[in-house]
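Pasting run.cif here (mmCIF, C-alpha atoms and all ligand atoms):
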```
data_final
#
loop_
_atom_site.label_atom_id
_atom_site.label_comp_id
_atom_site.auth_asym_id
_atom_site.auth_seq_id
_atom_site.Cartn_x
_atom_site.Cartn_y
_atom_site.Cartn_z
CA MET D 1 94.15 93.41 123.60
CA ASP D 2 95.00 96.09 121.09
CA ILE D 3 93.19 98.18 118.54
CA GLY D 4 94.60 97.41 115.10
CA ILE D 5 94.81 100.51 112.94
CA ILE D 6 95.46 100.08 109.22
CA GLY D 7 96.30 102.69 106.62
CA ALA D 8 97.20 101.59 103.12
CA MET D 9 99.79 104.27 102.40
CA ASP D 10 102.48 106.19 104.32
CA GLU D 11 100.46 109.42 103.97
CA GLU D 12 97.50 107.77 105.68
CA ILE D 13 99.38 106.82 108.86
CA GLU D 14 101.88 109.70 108.99
CA ILE D 15 100.00 111.71 111.65
CA LEU D 16 99.41 108.54 113.68
CA LEU D 17 103.12 107.73 113.68
CA LYS D 18 103.89 111.26 114.88
CA ASN D 19 101.60 110.75 117.88
CA ILE D 20 102.15 107.11 118.87
CA LYS D 21 104.55 106.26 121.70
CA ILE D 22 106.15 103.19 120.19
CA SER D 23 107.21 100.35 122.49
CA LYS D 24 108.14 97.89 119.75
CA LYS D 25 108.40 97.66 115.97
CA GLU D 26 108.20 94.37 114.10
CA ILE D 27 108.35 93.55 110.41
CA LYS D 28 106.05 90.82 109.11
CA ALA D 29 105.21 90.13 105.47
CA GLY D 30 107.22 93.25 104.65
CA MET D 31 104.92 95.43 106.79
CA GLN D 32 106.10 97.37 109.83
CA PHE D 33 103.83 96.83 112.83
CA ASN D 34 104.18 99.75 115.26
CA ILE D 35 103.11 98.65 118.73
CA GLY D 36 102.50 101.30 121.34
CA THR D 37 100.20 103.82 122.98
CA LEU D 38 98.19 106.29 120.95
CA TRP D 39 96.03 108.86 122.75
CA ASP D 40 96.23 106.63 125.86
CA LYS D 41 95.10 103.40 124.17
CA GLU D 42 97.10 100.30 123.30
CA VAL D 43 97.32 100.11 119.52
CA VAL D 44 99.18 98.55 116.64
CA VAL D 45 99.51 100.91 113.69
CA VAL D 46 100.52 99.48 110.33
CA ARG D 47 100.80 100.49 106.70
CA SER D 48 99.37 97.58 104.75
CA GLY D 49 100.30 98.68 101.26
CA ILE D 50 97.75 99.26 98.53
CA GLY D 51 95.14 96.78 97.36
CA LYS D 52 93.01 93.97 98.69
CA VAL D 53 95.67 91.28 99.08
CA ASN D 54 98.02 93.49 101.11
CA ALA D 55 95.15 94.61 103.30
CA ALA D 56 93.93 91.05 103.87
CA VAL D 57 97.38 89.75 104.86
CA CYS D 58 97.85 92.72 107.19
CA THR D 59 94.47 92.23 108.88
CA GLN D 60 95.07 88.53 109.50
CA ILE D 61 98.46 89.29 111.09
CA LEU D 62 96.86 91.90 113.37
CA ILE D 63 94.32 89.32 114.49
CA ASP D 64 96.63 86.30 114.83
CA ASP D 65 99.86 87.83 116.10
CA TYR D 66 98.67 90.97 117.90
CA LYS D 67 95.28 89.67 119.11
CA ALA D 68 93.63 92.85 117.83
CA ASP D 69 90.12 92.86 119.23
CA LYS D 70 88.96 95.57 116.87
CA ILE D 71 90.23 96.84 113.56
CA ILE D 72 89.89 100.39 112.30
CA ASN D 73 90.90 101.34 108.78
CA VAL D 74 91.44 105.01 108.00
CA GLY D 75 92.42 106.75 104.82
CA VAL D 76 91.08 108.27 101.64
CA ALA D 77 88.42 107.27 99.14
CA GLY D 78 86.80 108.37 95.93
CA GLY D 79 83.41 109.98 96.63
CA ILE D 80 80.29 108.73 94.89
CA GLY D 81 77.26 111.02 94.72
CA GLU D 82 76.49 114.59 93.77
CA ASN D 83 76.70 116.15 97.20
CA ILE D 84 79.96 114.66 98.30
CA TYR D 85 83.13 116.74 98.10
CA PRO D 86 86.84 116.35 98.83
CA GLY D 87 87.41 116.47 102.59
CA ASP D 88 83.98 115.00 103.37
CA VAL D 89 83.95 111.79 105.35
CA VAL D 90 82.39 108.43 104.55
CA ILE D 91 81.88 105.91 107.34
CA ALA D 92 81.11 102.44 106.05
CA ASP D 93 78.18 100.53 107.48
CA SER D 94 78.90 97.73 105.01
CA LEU D 95 81.48 96.75 102.42
CA VAL D 96 81.36 94.93 99.10
CA GLN D 97 84.18 94.01 96.74
CA HIS D 98 82.98 95.43 93.44
CA ASP D 99 85.48 93.53 91.31
CA ILE D 100 84.18 90.06 92.20
CA ASP D 101 82.20 88.71 89.28
CA THR D 102 80.91 85.15 89.01
CA SER D 103 77.68 86.34 87.42
CA VAL D 104 78.04 83.69 84.72
CA PHE D 105 76.97 81.19 87.42
CA GLY D 106 74.01 83.34 88.36
CA ASP D 107 75.68 85.14 91.30
CA LYS D 108 75.08 88.80 92.00
CA LEU D 109 78.03 91.05 91.11
CA GLY D 110 80.17 91.49 94.23
CA GLN D 111 79.02 88.19 95.76
CA ILE D 112 81.90 85.99 96.87
CA PRO D 113 80.83 82.58 95.55
CA ARG D 114 79.74 80.05 98.18
CA LEU D 115 80.01 82.53 101.03
CA GLU D 116 76.81 83.16 102.95
CA ALA D 117 77.30 86.91 103.34
CA PHE D 118 76.89 89.32 100.43
CA ASP D 119 78.14 92.44 102.18
CA PHE D 120 80.30 92.67 105.31
CA LYS D 121 78.72 94.75 108.07
CA CYS D 122 80.75 97.11 110.20
CA ASP D 123 80.42 96.97 113.95
CA GLU D 124 77.49 99.16 115.03
CA GLU D 125 79.25 100.53 118.12
CA LEU D 126 82.31 101.55 116.11
CA VAL D 127 80.09 103.19 113.47
CA LYS D 128 78.30 105.09 116.25
CA LEU D 129 81.61 106.24 117.72
CA ALA D 130 82.74 107.45 114.29
CA LYS D 131 79.44 109.27 113.70
CA ASN D 132 79.67 110.98 117.08
CA ALA D 133 83.22 112.05 116.28
CA CYS D 134 82.02 113.61 112.99
CA GLU D 135 79.23 115.51 114.69
CA LYS D 136 81.78 117.50 116.68
CA ASN D 137 83.12 118.88 113.40
CA THR D 138 81.49 121.44 111.13
CA ASN D 139 84.22 121.74 108.51
CA TYR D 140 82.94 118.87 106.39
CA ASN D 141 79.90 116.68 105.82
CA SER D 142 79.84 113.06 106.81
CA PHE D 143 77.90 110.16 105.34
CA VAL D 144 77.22 106.62 106.51
CA GLY D 145 76.65 103.94 103.88
CA ARG D 146 78.26 101.31 101.75
CA ILE D 147 81.86 101.57 100.63
CA VAL D 148 82.98 99.37 97.74
CA SER D 149 86.51 98.13 97.19
CA GLY D 150 88.40 96.70 94.25
CA ASP D 151 91.89 96.51 92.87
CA GLN D 152 91.29 99.52 90.64
CA PHE D 153 91.66 103.29 90.95
CA ILE D 154 88.29 104.51 89.75
CA ALA D 155 88.50 107.52 87.42
CA SER D 156 85.47 107.48 85.16
CA LEU D 157 81.94 108.80 85.39
CA GLU D 158 80.60 105.66 83.79
CA LYS D 159 82.23 103.47 86.43
CA ILE D 160 81.06 105.50 89.41
CA ASN D 161 77.53 105.59 88.02
CA TRP D 162 77.71 101.81 87.83
CA LEU D 163 79.04 101.54 91.41
CA LYS D 164 76.18 103.73 92.60
CA GLU D 165 73.49 101.85 90.68
CA GLU D 166 74.78 98.32 91.25
CA PHE D 167 75.90 98.63 94.88
CA ASP D 168 74.35 101.86 96.20
CA ALA D 169 77.89 102.89 97.14
CA ILE D 170 78.90 106.25 98.62
CA GLY D 171 82.64 105.73 98.33
CA CYS D 172 85.21 103.57 96.57
CA GLU D 173 88.69 102.53 97.60
CA MET D 174 91.03 99.56 97.34
CA GLU D 175 91.27 97.84 100.75
CA GLY D 176 88.18 98.14 102.96
CA GLY D 177 86.29 95.20 101.45
CA SER D 178 89.11 92.76 102.07
CA ILE D 179 89.76 94.02 105.62
CA ALA D 180 86.03 93.54 106.17
CA GLN D 181 86.07 90.02 104.78
CA VAL D 182 88.98 88.96 106.99
CA CYS D 183 87.28 90.48 110.06
CA TYR D 184 84.05 88.70 109.12
CA LEU D 185 85.85 85.35 108.82
CA ASN D 186 87.51 85.86 112.22
CA ASN D 187 84.49 87.43 113.91
CA VAL D 188 86.40 90.59 114.81
CA PRO D 189 84.58 93.96 114.95
CA PHE D 190 85.76 96.56 112.47
CA VAL D 191 84.96 99.87 110.85
CA ILE D 192 86.24 101.62 107.74
CA ILE D 193 86.50 105.43 107.85
CA ARG D 194 87.59 107.32 104.78
CA SER D 195 87.78 110.94 103.79
CA ILE D 196 87.18 111.93 100.19
CA SER D 197 90.25 112.77 98.10
CA ASP D 198 88.54 112.85 94.67
CA ASN D 199 85.22 112.29 92.93
CA ALA D 200 86.36 109.06 91.23
CA SER D 201 85.45 110.64 87.91
CA ASN D 202 87.48 112.03 85.02
CA GLY D 203 90.61 113.76 86.38
CA ALA D 204 90.27 111.98 89.74
CA HIS D 205 94.01 111.34 89.87
CA ILE D 206 94.70 115.10 89.80
CA ASP D 207 92.23 115.88 92.63
CA TYR D 208 93.61 112.91 94.52
CA GLU D 209 97.12 114.39 94.72
CA LYS D 210 95.71 117.78 95.70
CA PHE D 211 93.25 116.73 98.39
CA ILE D 212 95.11 113.86 100.07
CA PRO D 213 96.49 116.06 102.93
CA ILE D 214 93.10 117.46 103.99
CA ALA D 215 91.40 114.08 103.59
CA VAL D 216 94.04 112.40 105.75
CA GLU D 217 93.75 115.13 108.37
CA ASN D 218 89.98 114.69 108.57
CA SER D 219 90.00 110.90 108.84
CA THR D 220 92.80 111.03 111.43
CA ASN D 221 90.90 113.56 113.56
CA ILE D 222 87.88 111.29 113.61
CA LEU D 223 90.04 108.39 114.69
CA LYS D 224 91.50 110.54 117.49
CA SER D 225 88.04 111.48 118.80
CA MET D 226 86.96 107.85 118.58
CA ILE D 227 89.97 106.52 120.43
CA GLU D 228 89.59 109.15 123.13
CA ALA D 229 85.93 108.16 123.57
CA MET D 230 86.67 104.43 123.85
N1 LIG D 301 91.15 105.99 96.81
C1 LIG D 301 90.99 107.32 96.70
N2 LIG D 301 90.38 107.64 95.56
C2 LIG D 301 90.14 106.48 94.91
C3 LIG D 301 89.54 106.15 93.67
N3 LIG D 301 89.08 107.10 92.86
N4 LIG D 301 89.48 104.84 93.33
C4 LIG D 301 89.97 103.89 94.14
N5 LIG D 301 90.55 104.15 95.32
C5 LIG D 301 90.63 105.43 95.71
#
```

Whole structure, structure tokens version:
Amino acid sequence: MDIGIIGAMDEEIEILLKNIKISKKEIKAGMQFNIGTLWDKEVVVVRSGIGKVNAAVCTQILIDDYKADKIINVGVAGGIGENIYPGDVVIADSLVQHDIDTSVFGDKLGQIPRLEAFDFKCDEELVKLAKNACEKNTNYNSFVGRIVSGDQFIASLEKINWLKEEFDAIGCEMEGGSIAQVCYLNNVPFVIIRSISDNASNGAHIDYEKFIPIAVENSTNILKSMIEAM
């Protein structure tokens, strides 16, 4: 049984691909699944592509075809909150898809209609492992809380204020919520670990380009510590 590791973009899995000893590569749904050993553990590393649909397809393939018994998603996120800065790390304890809206039928925003769960909870053991990994590092702050996902790059103060008020979110990105939903449907443990590339406010796209390398380095280092501790 393998650990499935998903990054949405090339930048987010670049360090992983430099370290993995690949035994096999397979293309499915246009995604390259890199099967091998990473820091002495059996893994499948894959770039899903950006957005919720790509991430959902990728997660289901990891579960069905590679029998992944846990899924870890690493990458970058927009930070929500005054004390959160680029390079800081957010570990999700739960995920909501902020762009789901059937409120006209009386549903809460973010609620997937006719699904029992409102938010998708990360595996407590994986969250603990991620937290422990962060404690070894003093270069950045880490936060545990809700990450929200949607098919939108968030770059406005108004929108992040809304995400904070409506969902009590500490970070926003574009894949975690759908990875979480697929893991929930398949009863597979998962965790989403993101490092902050921007403050999701005005000018976020400029910060994003600037801080991606440090954010990727931080989230990858956490993953390394976690994998070594498993
Ligand atoms: N990923 C990194 N920053 C983001 C933002 N501001 N919105 C959505 N996804 C992101």

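The closest residue to ligand LIG 301 (chain D), picked from D:Ser23, D:Gln152, D:Asn218, D:Ser225 and counting only C-alpha atoms and all ligand atoms, is D:Gln152.
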
Residue contacts of D:Ile222 (7 Å, only C-alpha atoms) excluding same-chain residues fewer than 3 positions away, as a PyMOL selection string: chain D and resi 130+133-134+218-219+225-226

Write to file, as an mmCIF file, in the coordinates of the input, the residues of the selection just made, with C-alpha atoms.
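This went into out.cif:
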```cif
data_model
loop_
_atom_site.group_PDB
_atom_site.id
_atom_site.type_symbol
_atom_site.label_atom_id
_atom_site.label_comp_id
_atom_site.auth_asym_id
_atom_site.auth_seq_id
_atom_site.Cartn_x
_atom_site.Cartn_y
_atom_site.Cartn_z
ATOM 1 C CA ALA D 130 82.740 107.450 114.290
ATOM 2 C CA ALA D 133 83.220 112.050 116.280
ATOM 3 C CA CYS D 134 82.020 113.610 112.990
ATOM 4 C CA ASN D 218 89.980 114.690 108.570
ATOM 5 C CA SER D 219 90.000 110.900 108.840
ATOM 6 C CA SER D 225 88.040 111.480 118.800
ATOM 7 C CA MET D 226 86.960 107.850 118.580
#
```

What separates atom CA of D:Ile61 and atom CA of D:Lys131 is a distance of 27.7 Å

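Minimum atom-to-atom distance to D:Tyr140, evaluated using only C-alpha atoms, belongs to D:Ser195 out of D:Ser195, D:Phe153, D:Lys128, D:Lys52.
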
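In this comparison, which uses all atoms listed in the file, the residue of D:Ser201, D:Asn19, D:Asn139, D:Asn187 approaching D:Trp162 most closely is D:Ser201.
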
Show me, as CSV, the residues of chain D having an atom within 6 Å of ligand LIG 301 (chain D), each with the closest atom pair and its distance in Å, using all atoms listed in the file.
```
residue,atom,partner,partner_atom,distance
D:Val76,CA,D:LIG301,C1,5.0
D:Ala77,CA,D:LIG301,C1,3.5
D:Gly78,CA,D:LIG301,N2,3.7
D:Gln152,CA,D:LIG301,C4,5.8
D:Phe153,CA,D:LIG301,N4,3.6
D:Ile154,CA,D:LIG301,N4,3.8
D:Ala155,CA,D:LIG301,N3,5.5
D:Cys172,CA,D:LIG301,C4,5.4
D:Glu173,CA,D:LIG301,N5,3.4
D:Met174,CA,D:LIG301,N5,5.0
D:Ser197,CA,D:LIG301,C1,5.7
D:Asp198,CA,D:LIG301,N2,5.6
D:Ala200,CA,D:LIG301,N3,3.7
D:Ala204,CA,D:LIG301,N3,5.9
```

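If you measure from each of D:Asp88, D:Glu165, D:Asp2, D:Asp69 to D:Glu217 using only C-alpha atoms, the closest one turns out to be D:Asp88.
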
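Minimum atom-to-atom distance to D:Gly75, evaluated using all atoms listed in the file, belongs to D:Glu14 out of D:Glu14, D:Asp168, D:Glu116, D:Asp101.
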
Counting all atoms listed in the file, which residues of stretch 49-167 of chain D sit at most 9 Å from some atom of stretch 4-9 of chain D, and what is each one's closest atom pair with its distance in Å to one decimal, listed by chain and rising residue number, as CSV?
```
residue,atom,partner,partner_atom,distance
D:Gly49,CA,D:Ala8,CA,4.6
D:Ile50,CA,D:Ala8,CA,5.2
D:Gly51,CA,D:Ala8,CA,7.8
D:Asn54,CA,D:Ala8,CA,8.4
D:Ala55,CA,D:Ala8,CA,7.3
D:Cys58,CA,D:Ile6,CA,8.0
D:Thr59,CA,D:Ile6,CA,7.9
D:Leu62,CA,D:Gly4,CA,6.2
D:Ile63,CA,D:Gly4,CA,8.1
D:Tyr66,CA,D:Gly4,CA,8.1
D:Lys67,CA,D:Gly4,CA,8.7
D:Ala68,CA,D:Gly4,CA,5.4
D:Asp69,CA,D:Gly4,CA,7.6
D:Lys70,CA,D:Gly4,CA,6.2
D:Ile71,CA,D:Gly4,CA,4.7
D:Ile72,CA,D:Ile5,CA,5.0
D:Asn73,CA,D:Ile6,CA,4.8
D:Val74,CA,D:Gly7,CA,5.6
D:Gly75,CA,D:Gly7,CA,5.9
```

Let's have the selection written as a CSV table (one decimal), keeping the file's coordinate frame, with C-alpha atoms.
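So out_31.csv came out as:
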```csv
chain,number,residue,atom,x,y,z
D,49,GLY,CA,100.3,98.7,101.3
D,50,ILE,CA,97.8,99.3,98.5
D,51,GLY,CA,95.1,96.8,97.4
D,54,ASN,CA,98.0,93.5,101.1
D,55,ALA,CA,95.2,94.6,103.3
D,58,CYS,CA,97.8,92.7,107.2
D,59,THR,CA,94.5,92.2,108.9
D,62,LEU,CA,96.9,91.9,113.4
D,63,ILE,CA,94.3,89.3,114.5
D,66,TYR,CA,98.7,91.0,117.9
D,67,LYS,CA,95.3,89.7,119.1
D,68,ALA,CA,93.6,92.8,117.8
D,69,ASP,CA,90.1,92.9,119.2
D,70,LYS,CA,89.0,95.6,116.9
D,71,ILE,CA,90.2,96.8,113.6
D,72,ILE,CA,89.9,100.4,112.3
D,73,ASN,CA,90.9,101.3,108.8
D,74,VAL,CA,91.4,105.0,108.0
D,75,GLY,CA,92.4,106.8,104.8
```

Tell me which protein, DNA and RNA residues are within 6 Å of D:Gly171, counting only C-alpha atoms, leaving out same-chain ones fewer than 2 positions away, and put them as a PDB file with C-alpha atoms, in the frame of the given file.
```pdb
ATOM      1  CA  GLY D  78      86.800 108.370  95.930  1.00  0.00           C
ATOM      2  CA  GLY D  79      83.410 109.980  96.630  1.00  0.00           C
ATOM      3  CA  ILE D  80      80.290 108.730  94.890  1.00  0.00           C
ATOM      4  CA  ILE D 147      81.860 101.570 100.630  1.00  0.00           C
ATOM      5  CA  ALA D 169      77.890 102.890  97.140  1.00  0.00           C
TER       6      ALA D 169
END
```
